[in-house]
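Student: So I've got this file, final38.txt, and it contains compact mmCIF, C-alpha atoms:
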# COMPACT_ATOMS: atom_id res chain seq x y z
CA MET A 154 -77.38 -98.22 -39.17
CA LYS A 155 -81.18 -97.97 -39.02
CA LYS A 156 -81.19 -100.56 -36.24
CA PHE A 157 -78.67 -98.49 -34.29
CA SER A 158 -80.79 -95.34 -34.72
CA LYS A 159 -83.85 -97.15 -33.36
CA ILE A 160 -81.92 -98.37 -30.32
CA MET A 161 -80.61 -94.86 -29.63
CA ALA A 162 -84.09 -93.37 -29.96
CA LEU A 163 -85.56 -95.95 -27.58
CA SER A 164 -82.77 -95.37 -25.03
CA MET A 165 -83.19 -91.60 -25.05
CA ALA A 166 -86.99 -91.90 -24.74
CA LEU A 167 -86.71 -94.17 -21.72
CA ALA A 168 -84.13 -91.90 -20.05
CA LEU A 169 -86.36 -88.88 -20.69
CA THR A 170 -89.32 -90.74 -19.17
CA LEU A 171 -87.33 -91.48 -16.03
CA GLY A 172 -86.29 -87.84 -15.76
CA MET A 173 -89.87 -86.63 -16.20
CA THR A 174 -91.05 -88.99 -13.47
CA VAL A 175 -88.54 -87.55 -11.02
CA PHE A 176 -89.57 -83.99 -11.88
CA ALA A 177 -93.21 -84.83 -11.30
CA ASP A 178 -92.54 -86.38 -7.89
CA GLY A 179 -90.51 -83.32 -6.83
CA SER A 180 -93.03 -80.71 -7.89
CA SER A 181 -94.25 -79.98 -4.35
CA ASP A 182 -92.88 -76.79 -2.82
CA PRO A 183 -92.26 -77.18 0.96
CA GLY A 184 -93.07 -73.51 1.53
CA ALA A 185 -96.41 -73.84 -0.23
CA ILE A 186 -97.25 -76.98 1.73
CA MET A 187 -96.56 -75.26 5.06
CA ALA A 188 -98.59 -72.22 4.03
CA GLN A 189 -101.53 -74.41 3.04
CA ASP A 190 -101.32 -76.35 6.31
CA ALA A 191 -101.24 -73.16 8.36
CA GLN A 192 -104.46 -71.92 6.76
CA ASN A 193 -106.24 -74.96 8.22
CA THR A 194 -105.38 -73.89 11.79
CA THR A 195 -108.32 -74.18 14.21
CA VAL A 196 -108.88 -72.87 17.73
CA SER A 197 -111.17 -73.49 20.69
CA ALA A 198 -111.38 -71.10 23.63
CA THR A 199 -112.62 -70.83 27.20
CA ASP A 200 -113.09 -67.75 29.35
CA ALA A 201 -111.50 -67.12 32.75
CA LYS A 202 -114.12 -69.39 34.38
CA GLY A 203 -113.55 -72.24 31.94
CA ASN A 204 -116.72 -71.69 29.91
CA PRO A 205 -116.48 -72.18 26.12
CA VAL A 206 -116.48 -68.96 24.08
CA SER A 207 -116.67 -68.37 20.34
CA VAL A 208 -113.57 -66.87 18.73
CA ASN A 209 -112.23 -66.26 15.24
CA VAL A 210 -108.74 -67.17 14.02
CA GLU A 211 -106.74 -65.54 11.24
CA VAL A 212 -103.44 -67.02 10.08
CA LYS A 213 -101.05 -64.65 8.31
CA GLU A 214 -97.50 -64.78 7.00
CA ALA A 215 -94.94 -64.12 9.71
CA THR A 216 -93.32 -60.71 9.65
CA GLY A 217 -90.27 -58.87 11.02
CA ALA A 218 -87.97 -60.95 13.20
CA ALA A 219 -90.23 -63.99 12.69
CA THR A 220 -89.72 -64.33 8.94
CA PRO A 221 -87.94 -67.56 7.91
CA ALA A 222 -84.95 -65.61 6.59
CA ASN A 223 -84.46 -63.62 9.79
CA ILE A 224 -84.95 -66.67 12.00
CA SER A 225 -82.47 -68.76 10.00
CA ALA A 226 -79.88 -66.00 10.27
CA ALA A 227 -80.46 -65.68 14.02
CA VAL A 228 -80.11 -69.36 14.93
CA GLU A 229 -76.84 -69.67 13.02
CA ASN A 230 -75.30 -67.72 15.91
CA ALA A 231 -75.02 -69.93 19.01
CA GLY A 232 -74.97 -66.83 21.21
CA ASN A 233 -78.10 -65.28 19.73
CA ALA A 234 -80.94 -64.73 22.23
CA LEU A 235 -83.28 -66.92 20.15
CA THR A 236 -80.80 -69.80 19.95
CA VAL A 237 -80.12 -69.61 23.68
CA ALA A 238 -83.86 -69.59 24.44
CA ILE A 239 -84.39 -72.65 22.21
CA LYS A 240 -81.52 -74.48 23.91
CA ASN A 241 -82.90 -73.70 27.38
CA ALA A 242 -86.38 -74.81 26.35
CA SER A 243 -85.05 -78.10 24.95
CA LYS A 244 -83.32 -78.86 28.28
CA PHE A 245 -80.42 -80.34 26.31
CA GLY A 246 -76.86 -79.66 27.38
CA GLU A 247 -75.69 -78.70 23.90
CA ILE A 248 -77.61 -78.51 20.64
CA HIS A 249 -76.89 -78.37 16.95
CA THR A 250 -78.16 -75.40 14.98
CA PRO A 251 -81.99 -75.55 15.36
CA ASP A 252 -83.97 -76.36 12.22
CA LEU A 253 -86.98 -74.14 11.53
CA VAL A 254 -90.02 -76.29 10.73
CA THR A 255 -92.62 -73.56 10.24
CA THR A 256 -93.41 -70.03 11.32
CA ILE A 257 -96.85 -68.38 11.39
CA ASP A 258 -98.61 -65.27 12.63
CA ILE A 259 -101.86 -66.08 14.47
CA ASP A 260 -104.50 -63.48 15.31
CA VAL A 261 -107.48 -64.55 17.44
CA THR A 262 -110.39 -62.21 18.12
CA GLN A 263 -113.76 -62.45 19.83
CA ALA A 264 -116.64 -60.78 17.97
CA GLY A 265 -114.10 -58.68 16.11
CA SER A 266 -112.47 -57.38 19.30
CA PRO A 267 -109.36 -58.42 21.25
CA LEU A 268 -109.87 -61.36 23.60
CA ALA A 269 -111.04 -60.64 27.10
CA ASP A 270 -108.45 -61.06 29.85
CA GLY A 271 -108.17 -64.64 31.03
CA THR A 272 -109.37 -66.17 27.76
CA SER A 273 -107.39 -69.35 27.09
CA VAL A 274 -107.17 -70.60 23.52
CA LYS A 275 -106.13 -74.05 22.32
CA VAL A 276 -104.58 -73.81 18.85
CA HIS A 277 -104.39 -76.79 16.47
CA VAL A 278 -101.97 -76.33 13.56
CA PRO A 279 -101.74 -78.98 10.80
CA CYS A 280 -98.14 -79.41 9.67
CA SER A 281 -97.10 -82.04 7.12
CA PHE A 282 -93.47 -81.90 8.21
CA VAL A 283 -94.05 -82.86 11.86
CA ARG A 284 -93.15 -86.48 12.62
CA ALA A 285 -92.55 -88.81 15.53
CA LEU A 286 -89.12 -88.42 17.14
CA GLN A 287 -86.63 -90.57 19.00
CA GLY A 288 -84.48 -89.70 22.00
CA GLY A 289 -82.05 -86.83 21.60
CA THR A 290 -84.37 -84.84 19.34
CA LYS A 291 -87.41 -82.74 20.14
CA TYR A 292 -89.63 -79.94 18.94
CA VAL A 293 -89.56 -76.51 20.57
CA LEU A 294 -92.22 -73.85 19.97
CA MET A 295 -91.22 -70.23 20.40
CA HIS A 296 -93.48 -67.16 20.63
CA LEU A 297 -92.31 -63.65 19.74
CA ASN A 298 -93.86 -61.56 22.52
CA ASN A 299 -93.14 -57.82 22.41
CA GLY A 300 -89.85 -58.42 20.63
CA VAL A 301 -88.70 -61.21 22.97
CA TRP A 302 -88.70 -64.91 22.04
CA GLU A 303 -90.36 -67.08 24.70
CA ALA A 304 -90.78 -70.85 24.84
CA VAL A 305 -94.31 -72.29 24.82
CA ASP A 306 -94.43 -75.04 27.44
CA SER A 307 -97.86 -76.34 26.42
CA LEU A 308 -96.66 -77.70 23.06
CA VAL A 309 -98.10 -81.09 22.06
CA VAL A 310 -96.88 -82.76 18.87
CA GLY A 311 -98.82 -85.40 16.97
CA ASP A 312 -98.62 -87.08 13.60
CA GLY A 313 -98.88 -84.22 11.12
CA TYR A 314 -99.88 -81.49 13.57
CA PHE A 315 -98.95 -79.59 16.69
CA GLU A 316 -101.10 -77.97 19.39
CA PHE A 317 -100.57 -75.47 22.15
CA THR A 318 -102.63 -73.46 24.61
CA THR A 319 -102.02 -69.76 25.07
CA THR A 320 -103.50 -66.39 25.97
CA SER A 321 -101.18 -64.39 23.71
CA PHE A 322 -100.82 -64.38 19.93
CA SER A 323 -98.90 -63.00 16.97
CA ASN A 324 -95.76 -64.75 15.64
CA TYR A 325 -94.86 -68.36 16.46
CA ALA A 326 -92.00 -70.53 15.20
CA LEU A 327 -91.63 -74.30 15.54
CA PHE A 328 -88.10 -75.73 15.66
CA LEU A 329 -86.63 -79.21 15.45
CA VAL A 330 -83.74 -79.46 17.93
CA ASP A 331 -81.00 -82.11 17.93
CA GLU A 332 -78.87 -82.70 20.99
CA VAL A 333 -75.09 -82.82 20.71
CA VAL A 334 -74.13 -86.22 22.16
CA PRO A 335 -70.60 -86.52 23.66
CA THR A 336 -68.40 -88.90 21.71
CA ASN A 337 -67.39 -90.73 24.88
CA GLY A 338 -70.99 -91.75 25.49
CA GLY A 339 -71.19 -89.92 28.83
CA ASP A 340 -73.82 -87.36 29.65
CA GLY A 341 -71.38 -84.86 31.13
CA GLY A 342 -73.88 -84.16 33.86
CA GLN A 343 -75.95 -82.04 31.44
CA GLY A 344 -78.70 -84.45 30.56
CA SER A 345 -77.24 -85.66 27.27
CA THR A 346 -78.57 -88.93 25.93
CA SER A 347 -76.44 -92.05 25.68
CA ALA A 348 -74.31 -92.54 22.61
CA ASP A 349 -76.19 -95.82 22.12
CA THR A 350 -79.42 -93.94 21.48
CA PRO A 351 -80.29 -94.47 17.82
CA ALA A 352 -80.34 -91.36 15.70
CA PRO A 353 -83.77 -90.22 14.55
CA ALA A 354 -84.75 -91.61 11.21
CA SER A 355 -84.38 -89.02 8.53
CA GLU A 356 -87.56 -88.08 6.70
CA PRO A 357 -87.50 -88.75 2.96
CA VAL A 358 -87.48 -85.49 1.05
CA SER A 359 -88.64 -85.34 -2.54
CA PRO A 360 -86.27 -83.53 -4.87
CA LYS A 361 -87.29 -79.97 -5.69
CA THR A 362 -88.59 -79.08 -9.11
CA GLY A 363 -85.72 -78.79 -11.54
CA GLU A 364 -83.28 -80.87 -9.48
CA SER A 365 -81.65 -83.83 -11.19
CA VAL A 366 -81.50 -87.25 -9.58
CA PRO A 367 -78.52 -89.60 -10.06
CA VAL A 368 -80.80 -92.60 -10.73
CA ALA A 369 -82.11 -91.13 -13.97
CA GLY A 370 -78.61 -90.16 -15.08
CA PHE A 371 -77.18 -93.60 -14.37
CA ALA A 372 -80.05 -95.26 -16.20
CA ALA A 373 -79.47 -93.09 -19.23
CA LEU A 374 -75.73 -93.89 -19.25
CA ILE A 375 -76.39 -97.63 -18.98
CA LEU A 376 -78.92 -97.53 -21.82
CA LEU A 377 -76.61 -95.50 -24.05
CA ALA A 378 -73.72 -97.86 -23.33
CA GLY A 379 -75.91 -100.81 -24.27
CA ALA A 380 -76.92 -99.09 -27.47
CA ALA A 381 -73.27 -98.54 -28.39
CA VAL A 382 -72.44 -102.22 -27.82
CA CYS A 383 -75.36 -103.31 -29.97
CA ALA A 384 -74.26 -100.92 -32.71
CA LYS A 385 -70.75 -102.36 -32.74
CA LYS A 386 -72.10 -105.89 -32.93
CA ALA A 387 -74.36 -104.90 -35.81
CA GLN A 388 -71.42 -103.37 -37.70
CA PHE A 389 -69.28 -106.44 -37.05
CA ASN A 390 -71.93 -108.80 -38.36
CA ASN A 391 -72.31 -106.70 -41.48
Starting from the file, lay out its structure as structure tokens.

Tutor:
Amino acid sequence: MKKFSKIMALSMALALTLGMTVFADGSSDPGAIMAQDAQNTTVSATDAKGNPVSVNVEVKEATGAATPANISAAVENAGNALTVAIKNASKFGEIHTPDLVTTIDIDVTQAGSPLADGTSVKVHVPCSFVRALQGGTKYVLMHLNNGVWEAVDSLVVGDGYFEFTTTSFSNYALFLVDEVVPTNGGDGGQGSTSADTPAPASEPVSPKTGESVPVAGFAALILLAGAAVCAKKAQFNN
């Protein structure tokens, strides 16, 4: 009986260790990561004649229609003005519901005052969730300008960052857009990609804090089953 108790204790300890490891790996909060990335945003500016000028950048949490909750609710409706603008900017025939990658409010000033007319600013935003894409998927950057969402054509996406050049600021939202590919493999005359185009590789996502992972559960079950078998053998031999 003592031998059985030791086996059970060892099994439970190992299962608990596996569970703790999963919790530690999933401790990162995506929202906190994006907020931290956004604070590292940098800018460089030139005046109307192309001469470099010194400016200051302030990154704040998006507000109003640009909050993640309001954006997510808007893009769920295919007929919403934001969804339509994203679709047009993607130049895809049909798109799935756009995925919001990040949203930020950028304020750029020059010596504490609004920028002079004609000042062009290049904005560099670190973003851990930006990755290389394959055909049929692309990023679209939208700018909320006086209550109207407008696409930013100057978007450049790199490994772990995105950049754009603009003369207007406030709220921006970056979306990941997937094209709806016809099942017959044709493009329908709307610029759809071929059905043979491989789907973009999905990015591994760590489980959130507090989420259970099947691997740990299965390991615990296997260990407990083994302990039970050993216990029966021990009783039989006695």

Student: Please identify all polymer residues within 9 Å of Thr255 (chain A), counting only C-alpha atoms, omitting same-chain residues fewer than 4 positions from it, and present them as number ranges by chain.

Tutor: A: 184, 187-188, 191, 221, 280, 282, 325-328

Student: Under the rule that only C-alpha atoms are counted, which of A:Gly300, A:Gly313, A:Pro335, A:Gly288 is the nearest residue to Ala219 (chain A)?

Tutor: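 Closest to Ala219 (chain A) of all the choices is A:Gly300.
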
Student: Taking only C-alpha atoms into account, which of A:Val228, A:Ile186, A:Ala198, A:Ala264 comes nearest Leu329 (chain A)?

Tutor: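 Using only C-alpha atoms, Leu329 (chain A) sits closest to A:Val228.
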
Student: Would you kindly identify which residues have an atom no farther than 12 Å from (-83.8, -67.0, 25.9), using only C-alpha atoms and the file's own coordinates, and write them out as a VMD selection string?

Tutor: chain A and resid 228 231 to 243 295 to 298 300 to 305

Student: Could you write those residues out with C-alpha atoms, as a compact mmCIF listing (two decimals), in the frame of the given file?

Tutor:
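Once written, out.txt looks like this:
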# COMPACT_ATOMS: atom_id res chain seq x y z
CA VAL A 228 -80.11 -69.36 14.93
CA ALA A 231 -75.02 -69.93 19.01
CA GLY A 232 -74.97 -66.83 21.21
CA ASN A 233 -78.10 -65.28 19.73
CA ALA A 234 -80.94 -64.73 22.23
CA LEU A 235 -83.28 -66.92 20.15
CA THR A 236 -80.80 -69.80 19.95
CA VAL A 237 -80.12 -69.61 23.68
CA ALA A 238 -83.86 -69.59 24.44
CA ILE A 239 -84.39 -72.65 22.21
CA LYS A 240 -81.52 -74.48 23.91
CA ASN A 241 -82.90 -73.70 27.38
CA ALA A 242 -86.38 -74.81 26.35
CA SER A 243 -85.05 -78.10 24.95
CA MET A 295 -91.22 -70.23 20.40
CA HIS A 296 -93.48 -67.16 20.63
CA LEU A 297 -92.31 -63.65 19.74
CA ASN A 298 -93.86 -61.56 22.52
CA GLY A 300 -89.85 -58.42 20.63
CA VAL A 301 -88.70 -61.21 22.97
CA TRP A 302 -88.70 -64.91 22.04
CA GLU A 303 -90.36 -67.08 24.70
CA ALA A 304 -90.78 -70.85 24.84
CA VAL A 305 -94.31 -72.29 24.82

Student: In file coordinates, which residues lie within 12 Å of (-96.9, -77.5, 24.3) using all atoms listed in the file, given as number ranges by chain?

Tutor: A: 242-243, 275-278, 291-296, 304-311, 314-319, 327
